[in-house]
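Have a look at the structure below, then the notes.
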Amino acid sequence: MKTKDGNKPNPSTHPRQLILEQLTHENFPYACAIDRDDIPEEWVDTAETIMEQSEYGLANHLIGHTYLARINDAYIGLIMIGEALAWETDPAEMRREPFYRVMGFVVDRAWRNQGLGGKILEMAVEQVYQEFGRRSLALGVHRDNKQAGRFYERHGFRKTGIFESDDEYYLRLV
C-alpha cells in the first residue's frame with residue numbers, strides 16, 4: 001500500500017483521523033493497492049469484485065455504499081454495506097424485512113491489530129444508517145477464518161449455524 005504521493009506510510013507515526021470516502025473509479029487503484037495478500041479470495045472478495053458489485057448496486061438503484069478508509073493519504077481499508085438481494089440460503093430472520101449485507105471488508109496488513117477495523121466497520125454502518133435508515137446486517141465468514149468470526153462477534157454479530165457454501169452467516173439485528 002502506498003500513499004497518494006507514492007510513499008509507503010508508517011502506521012505508527014500517523015495521527016488517527018480516520019476518513020471514509022466512497023469508492024469511485026478515481027480512487028479504485030488505491031483499493032487495489034491495499035495489502036491483503038495473506039487473505040484468500042475465498043475469504044474476502046477482491047477490490048475488483050467489490051467494484052463490480054458496487055456498480056451493479058448503483059445500476060439497479062440499490063441503497064448502500066462502498067467505502068475506502070484512509071488515514072491522511074494512506075488508504076487502509078475497504079468495506080461494502082448495501083441493500084441485500086434475497087438469497088435462497090439467507091437465514092429465516094433475514095427474510096422478514098429488508099437488510100444490509102456487509103461484503104469485501106478488509107484492512108491493509110500494515111494497519112491491522114490497532115483497533116482500526118472496528119472503527120471502520122462502525123463508522124461505515126453509522127453512515128449507511130444515517131443516509132438510508134437502520135436495518136439488520138448480515139455477512140458471511142469463511143469457516144476457516146476464525147479471527148474474523150471473533151472480530152464480528154465482538155461487534156454485535158452472532159453466528160447462525162447456517163452456511164452458504166463455506167461461509168457461515170453472521171447477523172446483527174436492529
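Just so we're on the same page: first chain in the C-alpha cells is A, next is B, and so on; residues restart at 1 for each chain, and ligands are numbered from 1 in the order they show up.
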Hey, what's within 9 Å of stretch 42-58 of chain A if we count only C-alpha atoms and toss same-chain stuff fewer than 5 positions away? As a count of residues only, please?
30
Do you know which residues are at most 7 Å from A:Leu137 counting only C-alpha atoms, after dropping those on the same chain fewer than 2 positions away, and could you put them as a list of chain:residue names?
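My list of contacting residues is A:Phe99, A:Tyr100, A:Arg101, A:Val102, A:Arg135, A:Leu139, A:Leu171, A:Arg172, A:Leu173.
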Given the selection you just returned, output its residues as a file containing N, CA and C atoms, formatted as a PDB file, in the first residue's frame.
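Result file is out.pdb:
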```
ATOM      1  N   PHE A  99     -32.709  -5.889   4.671  1.00  0.00           N
ATOM      2  CA  PHE A  99     -31.486  -5.847   5.459  1.00  0.00           C
ATOM      3  C   PHE A  99     -30.322  -5.424   4.579  1.00  0.00           C
ATOM      4  N   TYR A 100     -29.190  -5.159   5.232  1.00  0.00           N
ATOM      5  CA  TYR A 100     -27.950  -4.833   4.530  1.00  0.00           C
ATOM      6  C   TYR A 100     -27.011  -6.029   4.600  1.00  0.00           C
ATOM      7  N   ARG A 101     -26.209  -6.154   3.559  1.00  0.00           N
ATOM      8  CA  ARG A 101     -25.168  -7.174   3.527  1.00  0.00           C
ATOM      9  C   ARG A 101     -23.821  -6.447   3.583  1.00  0.00           C
ATOM     10  N   VAL A 102     -22.930  -6.916   4.447  1.00  0.00           N
ATOM     11  CA  VAL A 102     -21.566  -6.395   4.544  1.00  0.00           C
ATOM     12  C   VAL A 102     -20.692  -7.321   3.717  1.00  0.00           C
ATOM     13  N   ARG A 135     -31.249  -0.926   9.425  1.00  0.00           N
ATOM     14  CA  ARG A 135     -31.656  -2.272   9.031  1.00  0.00           C
ATOM     15  C   ARG A 135     -30.703  -3.256   9.698  1.00  0.00           C
ATOM     16  N   LEU A 139     -23.667 -10.972   7.073  1.00  0.00           N
ATOM     17  CA  LEU A 139     -22.408 -11.183   6.372  1.00  0.00           C
ATOM     18  C   LEU A 139     -22.040 -12.646   6.464  1.00  0.00           C
ATOM     19  N   LEU A 171     -25.241 -12.498  11.880  1.00  0.00           N
ATOM     20  CA  LEU A 171     -26.294 -11.477  11.846  1.00  0.00           C
ATOM     21  C   LEU A 171     -26.122 -10.491  12.987  1.00  0.00           C
ATOM     22  N   ARG A 172     -26.467  -9.261  12.700  1.00  0.00           N
ATOM     23  CA  ARG A 172     -26.568  -8.224  13.747  1.00  0.00           C
ATOM     24  C   ARG A 172     -27.917  -7.574  13.518  1.00  0.00           C
ATOM     25  N   LEU A 173     -28.862  -7.938  14.364  1.00  0.00           N
ATOM     26  CA  LEU A 173     -30.238  -7.461  14.200  1.00  0.00           C
ATOM     27  C   LEU A 173     -30.422  -6.103  14.865  1.00  0.00           C
TER      28      LEU A 173
END
```
Nearest to A:Gly161, chosen from A:Pro91, A:Tyr75, A:Lys119, A:Ala148, with only C-alpha atoms counted in the distances
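Of A:Pro91, A:Tyr75, A:Lys119, A:Ala148, the one nearest A:Gly161 is A:Pro91, counting only C-alpha atoms.
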Using DSSP on the backbone coordinates, identify the residues of stretch 53-147 of chain A assigned to strand (DSSP E); present them as a PyMOL selection string.
chain A and resi 64-71+74-83+99-107+136-142
Expected file: the selected residues, C-alpha atoms, as a short mmCIF file (atom, residue, chain, number, x, y, z; two decimals), in the first residue's frame:
```cif
data_model
loop_
_atom_site.label_atom_id
_atom_site.label_comp_id
_atom_site.auth_asym_id
_atom_site.auth_seq_id
_atom_site.Cartn_x
_atom_site.Cartn_y
_atom_site.Cartn_z
CA GLY A 64 -25.77 1.48 0.43
CA HIS A 65 -22.16 2.42 -0.19
CA THR A 66 -18.70 1.04 -0.68
CA TYR A 67 -16.08 2.93 1.25
CA LEU A 68 -12.34 3.28 1.13
CA ALA A 69 -10.94 4.01 4.58
CA ARG A 70 -7.95 6.27 4.88
CA ILE A 71 -5.79 7.94 7.46
CA ALA A 74 -2.86 6.31 3.39
CA TYR A 75 -5.68 4.09 2.13
CA ILE A 76 -6.00 1.37 4.73
CA GLY A 77 -9.27 -0.49 4.15
CA LEU A 78 -12.28 -1.30 2.02
CA ILE A 79 -15.85 -2.15 3.05
CA MET A 80 -19.16 -2.50 1.22
CA ILE A 81 -22.51 -2.22 3.01
CA GLY A 82 -25.51 -2.38 0.76
CA GLU A 83 -29.10 -3.39 0.35
CA PHE A 99 -31.49 -5.85 5.46
CA TYR A 100 -27.95 -4.83 4.53
CA ARG A 101 -25.17 -7.17 3.53
CA VAL A 102 -21.57 -6.39 4.54
CA MET A 103 -19.08 -7.53 1.92
CA GLY A 104 -15.45 -7.19 0.93
CA PHE A 105 -14.29 -5.83 4.27
CA VAL A 106 -10.53 -5.84 4.51
CA VAL A 107 -7.87 -3.81 6.31
CA SER A 136 -30.25 -5.52 10.28
CA LEU A 137 -26.86 -6.58 8.95
CA ALA A 138 -25.77 -9.91 7.51
CA LEU A 139 -22.41 -11.18 6.37
CA GLY A 140 -20.62 -14.41 5.64
CA VAL A 141 -17.46 -15.60 7.36
CA HIS A 142 -15.47 -18.45 5.83
#
```
Apply DSSP to the structure's backbone, then extract all residues of stretch 38-145 of chain A labelled alpha helix (DSSP H) and return them as a PyMOL selection string.
chain A and resi 47-59+116-132
Would you mind telling me which residue in A:Ala124, A:Leu85, A:Gly149, A:Arg109 lies nearest to A:Ile39 when using only C-alpha atoms?
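With only C-alpha atoms as the atom set, the closest residue is A:Arg109.
Here atom CA of A:Gly156 and atom CA of A:Met123 stand 14.3 Å from one another.
Shortest separation to A:Ile120 among A:His155, A:Tyr170, A:Glu164, A:Arg134 occurs at residue A:His155, atoms counted being only C-alpha atoms.
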Computed gap from atom CA of A:Asp37 to atom CA of A:Thr160 is 28.4 Å
One decimal, in Å: what's the spacing between atom CA of A:Pro40 and atom CA of A:Arg112?
16.1 Å
When distances are computed from only C-alpha atoms, which of A:Tyr169, A:Asp73, A:Val128, A:Glu122 shows the smallest separation from A:Arg154?
A:Glu122
